[in-house]
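Trainee: PDB, C-alpha atoms and all ligand atoms, saved as my_file04.pdb, coming up:
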```pdb
ATOM      1  CA  MET Z   1     141.246  40.932 157.120
ATOM      2  CA  ALA Z   2     139.816  37.510 156.356
ATOM      3  CA  GLU Z   3     141.488  35.065 158.758
ATOM      4  CA  THR Z   4     141.970  32.472 156.018
ATOM      5  CA  ALA Z   5     143.462  34.749 153.359
ATOM      6  CA  GLU Z   6     147.189  34.339 152.907
ATOM      7  CA  LYS Z   7     149.281  37.324 153.997
ATOM      8  CA  LEU Z   8     151.315  38.487 151.023
ATOM      9  CA  LEU Z   9     153.066  41.327 152.794
ATOM     10  CA  GLU Z  10     153.864  41.476 156.495
ATOM     11  CA  VAL Z  11     155.675  44.547 157.714
ATOM     12  CA  ARG Z  12     156.665  44.389 161.356
ATOM     13  CA  GLU Z  13     157.602  47.386 163.472
ATOM     14  CA  LEU Z  14     159.194  49.241 160.588
ATOM     15  CA  THR Z  15     161.239  52.267 161.632
ATOM     16  CA  MET Z  16     163.063  54.725 159.398
ATOM     17  CA  ASP Z  17     165.262  57.517 160.734
ATOM     18  CA  PHE Z  18     166.722  60.359 158.699
ATOM     19  CA  GLY Z  19     169.409  61.712 161.039
ATOM     20  CA  GLY Z  20     167.454  62.875 164.066
ATOM     21  CA  LEU Z  21     164.058  62.640 162.343
ATOM     22  CA  ARG Z  22     162.026  59.459 162.858
ATOM     23  CA  ALA Z  23     159.909  59.474 159.668
ATOM     24  CA  VAL Z  24     158.389  56.020 160.302
ATOM     25  CA  ASP Z  25     158.045  54.817 163.868
ATOM     26  CA  SER Z  26     157.487  51.098 164.477
ATOM     27  CA  VAL Z  27     154.693  50.607 161.939
ATOM     28  CA  THR Z  28     153.185  47.144 161.501
ATOM     29  CA  LEU Z  29     151.021  46.510 158.440
ATOM     30  CA  GLU Z  30     149.737  43.507 156.517
ATOM     31  CA  VAL Z  31     148.196  42.935 153.125
ATOM     32  CA  ALA Z  32     146.408  39.660 152.415
ATOM     33  CA  ALA Z  33     145.699  38.067 149.038
ATOM     34  CA  GLY Z  34     142.895  39.861 147.208
ATOM     35  CA  GLU Z  35     142.816  42.889 149.479
ATOM     36  CA  ILE Z  36     142.759  46.588 148.673
ATOM     37  CA  VAL Z  37     144.432  48.321 151.609
ATOM     38  CA  ALA Z  38     144.848  52.087 152.019
ATOM     39  CA  LEU Z  39     147.473  54.000 153.963
ATOM     40  CA  ILE Z  40     146.264  57.491 154.825
ATOM     41  CA  GLY Z  41     147.312  60.383 157.024
ATOM     42  CA  PRO Z  42     148.285  64.057 156.965
ATOM     43  CA  ASN Z  43     151.145  65.418 154.846
ATOM     44  CA  GLY Z  44     154.511  64.388 156.233
ATOM     45  CA  ALA Z  45     153.057  61.471 158.219
ATOM     46  CA  GLY Z  46     155.621  59.071 156.728
ATOM     47  CA  LYS Z  47     153.494  57.245 154.154
ATOM     48  CA  THR Z  48     155.826  57.617 151.184
ATOM     49  CA  THR Z  49     158.834  56.820 153.358
ATOM     50  CA  PHE Z  50     157.036  53.614 154.362
ATOM     51  CA  PHE Z  51     156.560  52.763 150.648
ATOM     52  CA  ASN Z  52     160.199  53.623 149.946
ATOM     53  CA  CYS Z  53     161.332  51.177 152.619
ATOM     54  CA  VAL Z  54     159.055  48.398 151.390
ATOM     55  CA  THR Z  55     160.141  48.850 147.761
ATOM     56  CA  GLY Z  56     163.881  48.970 148.468
ATOM     57  CA  ILE Z  57     164.552  52.669 147.927
ATOM     58  CA  TYR Z  58     165.514  53.016 151.598
ATOM     59  CA  LYS Z  59     166.932  50.372 153.893
ATOM     60  CA  PRO Z  60     164.864  50.634 157.059
ATOM     61  CA  THR Z  61     166.590  51.482 160.316
ATOM     62  CA  ARG Z  62     164.676  48.720 162.104
ATOM     63  CA  GLY Z  63     161.876  46.254 161.513
ATOM     64  CA  GLU Z  64     161.130  43.422 159.154
ATOM     65  CA  ILE Z  65     159.588  43.319 155.704
ATOM     66  CA  LEU Z  66     158.381  39.824 154.873
ATOM     67  CA  VAL Z  67     156.783  38.807 151.607
ATOM     68  CA  ASN Z  68     155.028  35.657 150.677
ATOM     69  CA  PRO Z  69     154.953  35.542 146.863
ATOM     70  CA  PRO Z  70     152.249  33.124 145.659
ATOM     71  CA  GLY Z  71     153.819  29.735 144.931
ATOM     72  CA  ARG Z  72     157.199  30.688 146.362
ATOM     73  CA  LYS Z  73     158.753  30.653 149.771
ATOM     74  CA  LYS Z  74     158.375  33.461 152.250
ATOM     75  CA  GLN Z  75     161.328  35.817 152.372
ATOM     76  CA  LYS Z  76     162.627  38.799 154.273
ATOM     77  CA  ILE Z  77     163.364  41.588 151.810
ATOM     78  CA  ASN Z  78     165.025  44.220 154.018
ATOM     79  CA  GLY Z  79     167.837  45.784 152.029
ATOM     80  CA  TYR Z  80     166.805  44.337 148.645
ATOM     81  CA  LYS Z  81     167.363  46.793 145.791
ATOM     82  CA  PRO Z  82     164.250  48.145 144.011
ATOM     83  CA  ASN Z  83     164.697  45.980 140.884
ATOM     84  CA  ARG Z  84     164.930  42.861 143.033
ATOM     85  CA  VAL Z  85     161.733  43.861 144.853
ATOM     86  CA  THR Z  86     160.032  44.312 141.474
ATOM     87  CA  GLY Z  87     161.377  40.933 140.377
ATOM     88  CA  ILE Z  88     159.756  39.264 143.394
ATOM     89  CA  GLY Z  89     156.393  40.658 142.267
ATOM     90  CA  MET Z  90     155.902  44.003 143.973
ATOM     91  CA  ALA Z  91     155.478  46.953 141.616
ATOM     92  CA  ARG Z  92     154.795  50.588 142.396
ATOM     93  CA  THR Z  93     153.862  53.952 141.001
ATOM     94  CA  PHE Z  94     155.189  57.272 142.256
ATOM     95  CA  GLN Z  95     153.638  60.444 143.620
ATOM     96  CA  ASN Z  96     155.418  62.407 140.889
ATOM     97  CA  ILE Z  97     154.782  60.735 137.577
ATOM     98  CA  ARG Z  98     157.899  58.968 136.311
ATOM     99  CA  LEU Z  99     157.220  58.112 132.683
ATOM    100  CA  PHE Z 100     159.603  58.232 129.752
ATOM    101  CA  GLN Z 101     157.952  61.314 128.344
ATOM    102  CA  ASN Z 102     159.634  61.151 124.921
ATOM    103  CA  MET Z 103     158.751  57.529 124.347
ATOM    104  CA  THR Z 104     155.413  56.259 123.149
ATOM    105  CA  VAL Z 105     152.686  55.002 125.417
ATOM    106  CA  LEU Z 106     153.264  51.440 124.153
ATOM    107  CA  GLU Z 107     157.041  51.655 124.680
ATOM    108  CA  ASN Z 108     156.524  52.827 128.261
ATOM    109  CA  VAL Z 109     154.543  49.669 129.024
ATOM    110  CA  MET Z 110     157.018  47.457 127.138
ATOM    111  CA  ILE Z 111     159.825  48.756 129.356
ATOM    112  CA  GLY Z 112     157.878  47.576 132.392
ATOM    113  CA  ARG Z 113     157.843  44.098 130.833
ATOM    114  CA  HIS Z 114     161.625  44.066 130.553
ATOM    115  CA  CYS Z 115     162.130  42.461 133.982
ATOM    116  CA  ARG Z 116     160.132  39.417 132.810
ATOM    117  CA  THR Z 117     162.075  38.764 129.621
ATOM    118  CA  THR Z 118     165.266  36.743 129.381
ATOM    119  CA  THR Z 119     166.821  37.863 126.115
ATOM    120  CA  SER Z 120     170.576  38.338 126.376
ATOM    121  CA  ILE Z 121     172.477  41.052 124.499
ATOM    122  CA  VAL Z 122     173.679  38.448 122.006
ATOM    123  CA  GLY Z 123     170.125  37.172 121.601
ATOM    124  CA  ALA Z 124     168.879  40.693 120.984
ATOM    125  CA  ILE Z 125     171.520  41.249 118.282
ATOM    126  CA  LEU Z 126     170.998  37.921 116.527
ATOM    127  CA  ARG Z 127     167.207  38.076 116.962
ATOM    128  CA  GLY Z 128     166.664  34.342 116.898
ATOM    129  CA  PRO Z 129     163.208  32.729 117.095
ATOM    130  CA  ALA Z 130     163.127  32.773 120.918
ATOM    131  CA  THR Z 131     163.888  36.505 120.980
ATOM    132  CA  LYS Z 132     161.261  37.215 118.320
ATOM    133  CA  ARG Z 133     158.686  35.199 120.241
ATOM    134  CA  GLN Z 134     159.438  37.128 123.443
ATOM    135  CA  GLU Z 135     159.163  40.424 121.609
ATOM    136  CA  ARG Z 136     155.779  39.395 120.226
ATOM    137  CA  GLU Z 137     154.595  38.359 123.696
ATOM    138  CA  THR Z 138     155.812  41.653 125.169
ATOM    139  CA  ILE Z 139     153.937  43.655 122.544
ATOM    140  CA  ASP Z 140     150.758  41.597 122.915
ATOM    141  CA  ARG Z 141     150.732  41.813 126.696
ATOM    142  CA  SER Z 142     151.466  45.558 126.548
ATOM    143  CA  TYR Z 143     148.484  46.141 124.242
ATOM    144  CA  GLU Z 144     146.323  44.025 126.543
ATOM    145  CA  LEU Z 145     147.310  46.193 129.519
ATOM    146  CA  LEU Z 146     146.686  49.398 127.580
ATOM    147  CA  GLU Z 147     143.241  48.062 126.744
ATOM    148  CA  LYS Z 148     142.645  47.412 130.434
ATOM    149  CA  VAL Z 149     143.544  50.950 131.497
ATOM    150  CA  GLY Z 150     141.650  52.499 128.571
ATOM    151  CA  LEU Z 151     144.658  53.807 126.651
ATOM    152  CA  VAL Z 152     144.954  51.454 123.698
ATOM    153  CA  GLU Z 153     143.950  54.134 121.182
ATOM    154  CA  PHE Z 154     146.911  56.270 122.370
ATOM    155  CA  ALA Z 155     149.500  53.477 121.995
ATOM    156  CA  ASP Z 156     151.584  55.415 119.456
ATOM    157  CA  GLU Z 157     151.347  58.838 121.116
ATOM    158  CA  PHE Z 158     154.268  60.246 123.070
ATOM    159  CA  ALA Z 159     153.616  59.875 126.799
ATOM    160  CA  LYS Z 160     154.109  63.623 127.232
ATOM    161  CA  ASN Z 161     151.064  64.323 125.025
ATOM    162  CA  LEU Z 162     148.658  62.456 127.293
ATOM    163  CA  PRO Z 163     146.455  64.361 129.721
ATOM    164  CA  TYR Z 164     147.546  64.095 133.344
ATOM    165  CA  GLY Z 165     144.957  61.523 134.409
ATOM    166  CA  ALA Z 166     145.871  59.302 131.460
ATOM    167  CA  GLN Z 167     149.575  59.525 132.375
ATOM    168  CA  ARG Z 168     148.721  58.215 135.829
ATOM    169  CA  ARG Z 169     146.844  55.284 134.265
ATOM    170  CA  LEU Z 170     149.824  54.625 132.004
ATOM    171  CA  GLU Z 171     152.056  54.394 135.076
ATOM    172  CA  ILE Z 172     149.690  51.778 136.462
ATOM    173  CA  ALA Z 173     149.846  49.803 133.191
ATOM    174  CA  ARG Z 174     153.631  49.934 133.252
ATOM    175  CA  ALA Z 175     153.714  48.677 136.831
ATOM    176  CA  MET Z 176     151.297  45.882 135.916
ATOM    177  CA  ALA Z 177     153.554  44.870 133.042
ATOM    178  CA  THR Z 178     155.989  43.498 135.631
ATOM    179  CA  ASP Z 179     153.369  40.848 136.599
ATOM    180  CA  PRO Z 180     153.073  41.869 140.231
ATOM    181  CA  PHE Z 181     151.101  40.088 142.924
ATOM    182  CA  LEU Z 182     151.084  43.364 144.879
ATOM    183  CA  LEU Z 183     150.754  46.829 143.405
ATOM    184  CA  LEU Z 184     151.721  49.838 145.521
ATOM    185  CA  LEU Z 185     150.121  53.059 144.322
ATOM    186  CA  ASP Z 186     151.401  56.368 145.733
ATOM    187  CA  GLU Z 187     148.616  58.953 145.432
ATOM    188  CA  PRO Z 188     147.194  57.636 142.151
ATOM    189  CA  ALA Z 189     144.416  60.259 142.110
ATOM    190  CA  ALA Z 190     146.702  63.262 142.724
ATOM    191  CA  GLY Z 191     145.975  65.995 140.179
ATOM    192  CA  MET Z 192     142.963  64.192 138.723
ATOM    193  CA  ASN Z 193     139.595  65.860 138.254
ATOM    194  CA  PRO Z 194     136.533  64.288 139.951
ATOM    195  CA  GLN Z 195     135.497  62.411 136.799
ATOM    196  CA  GLU Z 196     138.998  60.957 136.320
ATOM    197  CA  THR Z 197     139.077  59.987 140.005
ATOM    198  CA  ARG Z 198     135.787  58.064 139.734
ATOM    199  CA  GLU Z 199     137.132  56.206 136.688
ATOM    200  CA  LEU Z 200     140.331  55.469 138.579
ATOM    201  CA  ASP Z 201     138.484  53.949 141.476
ATOM    202  CA  GLU Z 202     136.679  51.573 139.087
ATOM    203  CA  LEU Z 203     139.976  50.765 137.400
ATOM    204  CA  ILE Z 204     141.724  49.870 140.663
ATOM    205  CA  VAL Z 205     138.901  47.520 141.675
ATOM    206  CA  LYS Z 206     138.899  45.954 138.195
ATOM    207  CA  ILE Z 207     142.657  45.385 138.255
ATOM    208  CA  SER Z 208     142.485  43.816 141.667
ATOM    209  CA  LYS Z 209     139.657  41.461 140.693
ATOM    210  CA  ASP Z 210     140.499  40.567 137.070
ATOM    211  CA  GLU Z 211     144.256  40.284 137.486
ATOM    212  CA  GLU Z 212     144.154  38.970 141.070
ATOM    213  CA  ILE Z 213     146.538  41.674 142.214
ATOM    214  CA  SER Z 214     146.436  42.950 145.784
ATOM    215  CA  ILE Z 215     146.696  46.697 146.197
ATOM    216  CA  LEU Z 216     148.307  48.926 148.805
ATOM    217  CA  LEU Z 217     147.629  52.578 148.138
ATOM    218  CA  ILE Z 218     148.452  55.950 149.631
ATOM    219  CA  GLU Z 219     145.714  58.440 148.847
ATOM    220  CA  HIS Z 220     144.289  61.729 150.077
ATOM    221  CA  ASP Z 221     141.019  61.472 148.137
ATOM    222  CA  MET Z 222     138.790  60.126 150.900
ATOM    223  CA  LYS Z 223     135.889  59.268 148.613
ATOM    224  CA  LEU Z 224     138.139  56.972 146.633
ATOM    225  CA  VAL Z 225     139.687  55.465 149.781
ATOM    226  CA  MET Z 226     136.352  54.843 151.481
ATOM    227  CA  ASN Z 227     134.785  53.440 148.283
ATOM    228  CA  ILE Z 228     137.362  50.832 147.405
ATOM    229  CA  SER Z 229     139.358  49.857 150.495
ATOM    230  CA  ASP Z 230     138.820  46.643 152.402
ATOM    231  CA  ARG Z 231     140.942  48.004 155.228
ATOM    232  CA  ILE Z 232     142.630  51.275 156.063
ATOM    233  CA  TYR Z 233     145.725  52.155 158.103
ATOM    234  CA  VAL Z 234     146.182  55.698 159.396
ATOM    235  CA  MET Z 235     149.553  57.295 160.140
ATOM    236  CA  GLU Z 236     150.417  60.527 161.916
ATOM    237  CA  TYR Z 237     153.933  61.770 162.770
ATOM    238  CA  GLY Z 238     155.425  58.450 161.652
ATOM    239  CA  LYS Z 239     153.198  56.333 163.889
ATOM    240  CA  LYS Z 240     150.253  54.132 163.068
ATOM    241  CA  ILE Z 241     147.333  55.664 164.939
ATOM    242  CA  ALA Z 242     144.503  53.446 163.672
ATOM    243  CA  LYS Z 243     143.535  50.548 161.450
ATOM    244  CA  GLY Z 244     140.151  49.190 160.485
ATOM    245  CA  SER Z 245     137.366  49.023 157.952
ATOM    246  CA  PRO Z 246     136.288  52.243 156.195
ATOM    247  CA  GLN Z 247     133.338  52.392 158.589
ATOM    248  CA  GLU Z 248     135.567  52.055 161.655
ATOM    249  CA  ILE Z 249     138.057  54.629 160.377
ATOM    250  CA  ARG Z 250     135.343  57.173 159.552
ATOM    251  CA  SER Z 251     134.075  57.108 163.098
ATOM    252  CA  ASN Z 252     137.425  56.822 164.924
ATOM    253  CA  PRO Z 253     137.808  59.995 167.058
ATOM    254  CA  LYS Z 254     141.640  59.912 166.841
ATOM    255  CA  VAL Z 255     141.482  59.820 163.038
ATOM    256  CA  ILE Z 256     138.866  62.537 162.854
ATOM    257  CA  GLU Z 257     141.018  64.765 165.021
ATOM    258  CA  ALA Z 258     144.301  64.037 163.225
ATOM    259  CA  TYR Z 259     143.126  63.905 159.661
ATOM    260  CA  LEU Z 260     139.526  63.696 158.595
ATOM    261  CA  GLY Z 261     138.178  66.643 160.574
ATOM    262  CA  GLU Z 262     134.527  67.108 161.391
ATOM    263  CA  GLY Z 263     133.553  66.679 157.729
ATOM    264  CA  GLY Z 264     135.130  63.214 157.690
ATOM    265  CA  ASP Z 265     131.848  61.421 157.278
ATOM    266  CA  ASP Z 266     131.084  63.279 154.074
ATOM    267  CA  ALA Z 267     134.500  62.699 152.546
TER
HETATM  268  N1  LIG Z 301     165.114  61.493 152.153
HETATM  269  C1  LIG Z 301     164.703  62.153 153.235
HETATM  270  N2  LIG Z 301     165.582  62.782 154.042
HETATM  271  C2  LIG Z 301     165.181  63.463 155.133
HETATM  272  N3  LIG Z 301     163.896  63.573 155.533
HETATM  273  C3  LIG Z 301     162.970  62.967 154.762
HETATM  274  C4  LIG Z 301     163.314  62.228 153.585
HETATM  275  N4  LIG Z 301     162.176  61.738 153.019
HETATM  276  C5  LIG Z 301     161.168  62.142 153.815
HETATM  277  N5  LIG Z 301     161.642  62.884 154.856
HETATM  278  C6  LIG Z 301     160.847  63.456 155.946
HETATM  279  O1  LIG Z 301     160.127  62.382 156.536
HETATM  280  C7  LIG Z 301     158.833  62.823 156.926
HETATM  281  C8  LIG Z 301     157.789  61.950 156.263
HETATM  282  O2  LIG Z 301     157.730  62.277 154.869
HETATM  283  P1  LIG Z 301     156.868  61.434 153.822
HETATM  284  O3  LIG Z 301     157.123  62.024 152.471
HETATM  285  O4  LIG Z 301     157.133  60.001 154.016
HETATM  286  O5  LIG Z 301     155.388  61.795 154.290
HETATM  287  P2  LIG Z 301     154.004  61.491 153.552
HETATM  288  O6  LIG Z 301     153.079  60.984 154.596
HETATM  289  O7  LIG Z 301     154.240  60.642 152.371
HETATM  290  O8  LIG Z 301     153.543  62.950 153.118
HETATM  291  P3  LIG Z 301     152.657  63.421 151.821
HETATM  292  O9  LIG Z 301     151.239  63.016 152.091
HETATM  293  O10 LIG Z 301     152.847  64.915 151.846
HETATM  294  O11 LIG Z 301     153.268  62.773 150.628
HETATM  295  C9  LIG Z 301     158.718  64.296 156.557
HETATM  296  O12 LIG Z 301     159.051  65.069 157.688
HETATM  297  C10 LIG Z 301     159.782  64.440 155.472
HETATM  298  O13 LIG Z 301     160.263  65.757 155.419
END
```
Go through the file and emit its structure as structure tokens.

Mentor:
Amino acid sequence: MAETAEKLLEVRELTMDFGGLRAVDSVTLEVAAGEIVALIGPNGAGKTTFFNCVTGIYKPTRGEILVNPPGRKKQKINGYKPNRVTGIGMARTFQNIRLFQNMTVLENVMIGRHCRTTTSIVGAILRGPATKRQERETIDRSYELLEKVGLVEFADEFAKNLPYGAQRRLEIARAMATDPFLLLLDEPAAGMNPQETRELDELIVKISKDEEISILLIEHDMKLVMNISDRIYVMEYGKKIAKGSPQEIRSNPKVIEAYLGEGGDDA
């Protein structure tokens, strides 16, 4: 991590117990401005639980989650509810796609925008000029995001009619509609074919650069991880077993043994 880059997310010794099971065991992780950081590890290592703690779905048993939203003061977000975490500027996608399948592609993105609009119920009923202006801005920004993820021509389709890879990109657009400074992607390439995965890796880099959004992603596709990550953290049985550049992770014996296997270099 560049020494000068501001740390946007600092997670310190995060622990999450489910009854007698320690799913996350004292994991420390940081994401700096402009970084693409990957969290990898075998199934059941605790990666999604880590995301769920950071995004307010679970309240961690121990540890600290500190965020430093650009232009605002640093805050500890342990115990914040998911919508409050989104409001601060951290948006996520899920391992299992969570779209409104019977709504259009455009409407799905517009819903993401909701947390940035201020229209009251009365305002929505009366539809005064301020409300109309906000609606226009929401629609314009939603189209812009669909353009970015390559889905603008499907704006009026039902989400359920999109191919799987396109649904994953739509989830990313919806998350981006909340104006995040940090985007957390949980297995964005899951279920994608190799061509879709290559396009996704370009898209993630483009989002991070053009929109100045930092990215923290969980992913099993090692080509994608090694191609786009500035740094990688590796978990096994709830613990962080390594961190480093793609080059360092590829050649780390502990990681090869736990996760990458002998073919790790080719992944
Ligand atoms: N709500 C829960 N209640 C009880 N145990 C849970 C809960 N959520 C996760 N676990 C357990 O915590 C451990 C870590 O699971 P988690 O889903 O975080 O792993 P993961 O690294 O994301 O795996 P994958 O790569 O398969 O998604 C597993 O043993 C899992 O069964």

Trainee: Pull out every residue that the PyMOL selection byres (((chain Z and resi 76-84) around 9) and not hetatm) matches in the shown coordinates and put them as a PyMOL selection string.

Mentor: chain Z and resi 53-60+63-68+74-75+85-89+115

Trainee: I'd like to know which of Z:Gly34, Z:Glu248, Z:Tyr143, Z:Glu107 is closest to Z:Asp210, using only C-alpha atoms.

Mentor: Z:Gly34

Trainee: Return the single residue from Z:Gly19, Z:Gly238, Z:Gly46, Z:Gly71 that is closest to ligand LIG 301 (chain Z), with distances computed using all atoms listed in the file.

Mentor: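 With all atoms listed in the file as the atom set, the closest residue is Z:Gly46.
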
Trainee: Please return as a PyMOL selection string every residue within 8 Å of (152.2, 38.8, 152.0), taking into account all atoms listed in the file and the file's own coordinates.

Mentor: chain Z and resi 6-10+30-33+66-69

Trainee: Could you list the protein, DNA and RNA residues that have any atom within 6 Å of ligand LIG 301 (chain Z), counting only C-alpha atoms and all ligand atoms, and write them as a PDB file with C-alpha atoms, in the frame of the given file?

Mentor:
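Output saved as pocket-v2.pdb:
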```pdb
ATOM      1  CA  PHE Z  18     166.722  60.359 158.699  1.00  0.00           C
ATOM      2  CA  ALA Z  23     159.909  59.474 159.668  1.00  0.00           C
ATOM      3  CA  PRO Z  42     148.285  64.057 156.965  1.00  0.00           C
ATOM      4  CA  ASN Z  43     151.145  65.418 154.846  1.00  0.00           C
ATOM      5  CA  GLY Z  44     154.511  64.388 156.233  1.00  0.00           C
ATOM      6  CA  ALA Z  45     153.057  61.471 158.219  1.00  0.00           C
ATOM      7  CA  GLY Z  46     155.621  59.071 156.728  1.00  0.00           C
ATOM      8  CA  LYS Z  47     153.494  57.245 154.154  1.00  0.00           C
ATOM      9  CA  THR Z  48     155.826  57.617 151.184  1.00  0.00           C
ATOM     10  CA  THR Z  49     158.834  56.820 153.358  1.00  0.00           C
TER      11      THR Z  49
END
```

Trainee: Would you translate the PyMOL selection byres (((chain Z and resi 178) around 7) and not hetatm) into the concrete set of residues it matches in this file, as a list of chain:residue names?

Mentor: Z:Ala91, Z:Gly112, Z:Arg113, Z:Cys115, Z:Arg116, Z:Ala175, Z:Met176, Z:Ala177, Z:Asp179, Z:Pro180

Trainee: Starting from the displayed file, determine the output of the PyMOL selection byres (((chain Z and resi 208) around 10) and not hetatm) and express the residue list as an NGL selection string.

Mentor: :Z and (33-36 or 181-183 or 203-207 or 209-215)

Trainee: Please produce an output containing C-alpha atoms for each residue in the selection, written as a PDB file, in the coordinates of the input.

Mentor:
```
ATOM      1  CA  ALA Z  33     145.699  38.067 149.038  1.00  0.00           C
ATOM      2  CA  GLY Z  34     142.895  39.861 147.208  1.00  0.00           C
ATOM      3  CA  GLU Z  35     142.816  42.889 149.479  1.00  0.00           C
ATOM      4  CA  ILE Z  36     142.759  46.588 148.673  1.00  0.00           C
ATOM      5  CA  PHE Z 181     151.101  40.088 142.924  1.00  0.00           C
ATOM      6  CA  LEU Z 182     151.084  43.364 144.879  1.00  0.00           C
ATOM      7  CA  LEU Z 183     150.754  46.829 143.405  1.00  0.00           C
ATOM      8  CA  LEU Z 203     139.976  50.765 137.400  1.00  0.00           C
ATOM      9  CA  ILE Z 204     141.724  49.870 140.663  1.00  0.00           C
ATOM     10  CA  VAL Z 205     138.901  47.520 141.675  1.00  0.00           C
ATOM     11  CA  LYS Z 206     138.899  45.954 138.195  1.00  0.00           C
ATOM     12  CA  ILE Z 207     142.657  45.385 138.255  1.00  0.00           C
ATOM     13  CA  LYS Z 209     139.657  41.461 140.693  1.00  0.00           C
ATOM     14  CA  ASP Z 210     140.499  40.567 137.070  1.00  0.00           C
ATOM     15  CA  GLU Z 211     144.256  40.284 137.486  1.00  0.00           C
ATOM     16  CA  GLU Z 212     144.154  38.970 141.070  1.00  0.00           C
ATOM     17  CA  ILE Z 213     146.538  41.674 142.214  1.00  0.00           C
ATOM     18  CA  SER Z 214     146.436  42.950 145.784  1.00  0.00           C
ATOM     19  CA  ILE Z 215     146.696  46.697 146.197  1.00  0.00           C
TER      20      ILE Z 215
END
```

Trainee: Can you pull out the residues contacting Z:Met226? Cut-off 9 Å, using all atoms listed in the file, and skip same-chain residues under 6 positions away; I want them as a PyMOL selection string.

Mentor: chain Z and resi 38+232+245-247+250+267

Trainee: Do you know which residues are at most 12 Å from Z:Lys240 counting all atoms listed in the file, after dropping those on the same chain fewer than 6 positions away, and could you put them as a PyMOL selection string?

Mentor: chain Z and resi 12-15+23-29+39-42+45-47+50+232-234+254-255+258

Trainee: Looking at Z:Phe51, Z:Glu196, Z:Leu106, Z:Ile139, which one is nearest to Z:Ala159, with distances taken over only C-alpha atoms?

Mentor: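 The closest residue to Z:Ala159 is Z:Leu106.
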
Trainee: Between atom CA of Z:Pro253 and atom CA of Z:Asn227, what is the spacing in Å?

Mentor: 20.1 Å

Trainee: How big is the axis-aligned box around the listed atoms of stretch 74-87 of chain Z once 8 Å is added on each side, and where is its centre? Give both in Å to one decimal, as lines of an AutoDock Vina configuration file.

Mentor:
```
center_x = 163.1
center_y = 40.8
center_z = 147.3
size_x = 25.5
size_y = 30.7
size_z = 29.9
```

Trainee: What does the structure give for the distance between atom CA of Z:Asp201 and atom CA of Z:Tyr237, in Å to one decimal?

Mentor: 27.4 Å

Trainee: Which distance in Å separates atom CA of Z:Leu162 and atom CA of Z:Asn52, to one decimal?

Mentor: 26.9 Å
